[in-house]
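**Student:** Please find one structure pasted underneath; my questions will follow.
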Amino acid sequence: MASQAKPGCPEKCGNLSIPYPFGIQVGCNREGFLLYCNSNGVVNTYNSDVARVTEISLLTGKIAINSYLNVDCYNSSGSLDVYISPDYTTISSESPYTISNTQNKLIALGCDTSAVFQDGNGHFGTGCISTCDNSSLVKNGTCDGIGCCQASIPKGMKEIYIRLGSFNNHTKVQSFNPCSYAFLADKDSFSFGGLSDLTREYQRKYGQSFSRIAFDWAIGNQTCEEANKNATDYACVKNSFCYDSPDGPGYRCNCSAGYQGNPYLECSDIDECASTDKKAYPCQGICINTPGSYRCECPKGKHSDDPKLFQCKTSLSIVIVVSIAISISLGIILLLGCCILLYKGWKVRSQKMLKRKYFLQNRGLLLQHLLSSKEDSTNQTNIFTLKELEKATNNFDETRVLGRGGHGTVYKGLLSDQRIVAIKKSKITSSGEIDQFINEVVTLSRINHRNVVKLYGCCLESEVPLLVYEFISNGMLSNHIHSEDHHLSWEDRLRIATESAGALSYLHFAASITIFHRDVKSSNILLDDHYTAKVADFGTSRFVPLNDTHVSTAVQGTFGYLDPEYFLTGRLTDKSDVYSFGVILVELLTGKKPLSMHEDKNLLTHFILLLKENRLTQIIEDRVVKEGTQEQIQLVAELAGACMRMKGEERPTMKEVEAELEGLRRPKNQHRWVVHDPEETESLLKDVFAVQARDNSDTSAQSSLQRQFMESVGFPR
């Protein structure tokens, strides 16, 4: 095979091949693809030892590097011994590299550890927490939050900064885990080694271990169609083909079938006849090479049905050939008839078996049992057949798509009884997500409230479950708040807030069993034809046993709306929904998003400061100021502040919030949760994670996790 490097250019750095468009000398690379080769024979993308290249693939468009870990280690007295935080994975926005979200995961190792990563603007992406009280809890290969945790990263990121922290400076697990580690890792190369990964002494002393990270790369920022118009700069050579990068802007090249080489330099014809790989290029006759392919022929006087696969034989006489052909044809006709009958029967049985398989896979028996209990259900929830929903959506036609999201696609459908419905086709890849699907079905079957989206039923006969809801025509509240094309009146905002509060109050106090929503946000409140609020998306909701005030559960929710107290303790209460609702009130007042890539200041911090200083007009949306009374705006703002108090016990209940909002729509009403004392308002800005215990050993320092989450919700320390 010809050289993969540009003619006259170095082909390797150490043991690593350097294929064009990459190069390690100026003039040997395409613009943006210059690498560096140091004296140790190590290629890196930044002319430093931080990012060492270990693999370059033209076929997949991937480049792999080794990068240092983030490390902190504490001694038995709780003092920091080692802290390593390398300059992490920063790429120029003009470079051809993008951090692969399909190949990489954020990994944190430790029994007293938190890891969160940010983009270049300081906004949080995601994070995870790893804890364990003793070494016996740690299991090899299980990265589920005990000794090891992991989180996915968003698509298209070019710069990531990892923040590593601990809760107790490792003093409670010092004997077997003095250190914490946080890093990005290629999911195919990382596996959790259990206790040995938590006690590596050389990592504790030097912190010089590496993790493997995968990057995507592409040529330029144009599509193939756009790039092909400029022949002088087009990267794909003759006998190659272009395809758009699936990982972001730009395109890549590959040699066409029958050709080999570097698609950015030269693709040469494969001589299949000279190849020793007879399985790939079989020929039982005479092999003749052609450009991009080959053909196989029998010598004169011989024949074969397929000279590539069958040997050439001496030709038979015409009479014998005709007789054999007629016999074979009759046999084939009879055999074909039998096969058709057998196939039809097999196909019917297979379809029934496949539907039954999906039904059981989607926990159909469990769901049937739960829905059949009259005491568990207030609504008639149907289990539809796949045939009914295919008919309703014209076989899931693309023109029926209402929207696409991280959890699936929503189609508009028309049932046989003329009901217009929204049908959600879930993206389920794990049993945990099937549990969320069942949770949403069972939850909604127990709810009967005009301001909660109605579930008509579900279908379990397809590979992924389908949910059938009432059709809500005006979409998400968030679109109407934040889109420039939609402007809700103050009266509509106050009514929508009241209706949403009423729905949450119903879930907490009036439903047949107490329900905590757990993901209250403006995108989960829908608006119908009359702009009536409908609370939706109960996939992560939790039931609360009788006489219990909370449930302990893994933290789930959306940053910006997530209750800080729940985030720290894992104790989900009704006041967690109250906190999230307070954030929605701030959105309705300001028209701004709680977390935005384009804002210099965190919205919640700014809002609370202006509330304290009686300068709300600086942040309240103009239409709200024009249409609402000063008293109404002030009272709603102070109610939002009360909902977002850091201690759940100091927040109002949703029933009290609903009553306050109802009162605001009537004059001369007393408002219990109005904050008149500036000192009380100021307390909202105090350290959200001040340690409550009086024990001196617990008041020495605030954990880094607390600092990180404080920054995500925006409250100063």
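FYI, nothing fancy with the structure tokens labels: chains A, B, ... in order, residues from 1 per chain, ligands from 1 as they appear.
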Select from segment 280-348 of chain A everything DSSP, run on the backbone, classes as alpha helix (DSSP H), then give the selection as a ChimeraX atom specification.
**Tutor:** /A:318-348
**Student:** Taking into account only C-alpha atoms, which residue in the set A:Asp269, A:Glu627, A:Asp188, A:Glu225 is nearest to Asn289 of chain A?
**Tutor:**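 With only C-alpha atoms as the atom set, the closest residue is A:Asp269.
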**Student:** In Å, rounded to a single decimal, give me how far atom CA of Asn262 of chain A is from atom CA of Asp233 of chain A.
**Tutor:**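 So the answer is 16.7 Å.
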**Student:** Can you work out which one of A:Ser3, A:Ser130, A:Thr573, A:Thr98 has the shortest atom-to-atom distance to Thr514 of chain A, counting only C-alpha atoms?
**Tutor:** A:Thr573
**Student:** Have a look at atom CA of Val586 of chain A and atom CA of Arg571 of chain A and let me know their distance in Å, one decimal.
**Tutor:**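 Calculated distance between atom CA of Val586 of chain A and atom CA of Arg571 of chain A is 24.5 Å.
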**Student:** List the spatial neighbours of segment 466-474 of chain A as a PyMOL selection string - criterion: any atom at most 9 Å away, only C-alpha atoms, same-chain residues fewer than 5 positions off excluded.
**Tutor:** chain A and resi 384+386+389+412-413+419-426+437+441+453-461+480+526-531+534
**Student:** Give me, as a count of residues only, all polymer residues having an atom no more than 12 Å from segment 6-19 of chain A, counting only C-alpha atoms and skipping those fewer than 4 positions away in the same chain.
**Tutor:** 39
**Student:** Determine the nearest neighbour of Ala510 of chain A from the options A:Lys238, A:Tyr68, A:Thr60, A:His449, counting only C-alpha atoms.
**Tutor:**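 When distances to Ala510 of chain A are compared using only C-alpha atoms, the smallest one comes from A:His449.
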**Student:** For a quick check of understanding, using only C-alpha atoms, which of A:His482, A:Glu656, A:Gly285, A:Val535 has the smallest distance to Asp305 of chain A?
**Tutor:** A:Gly285
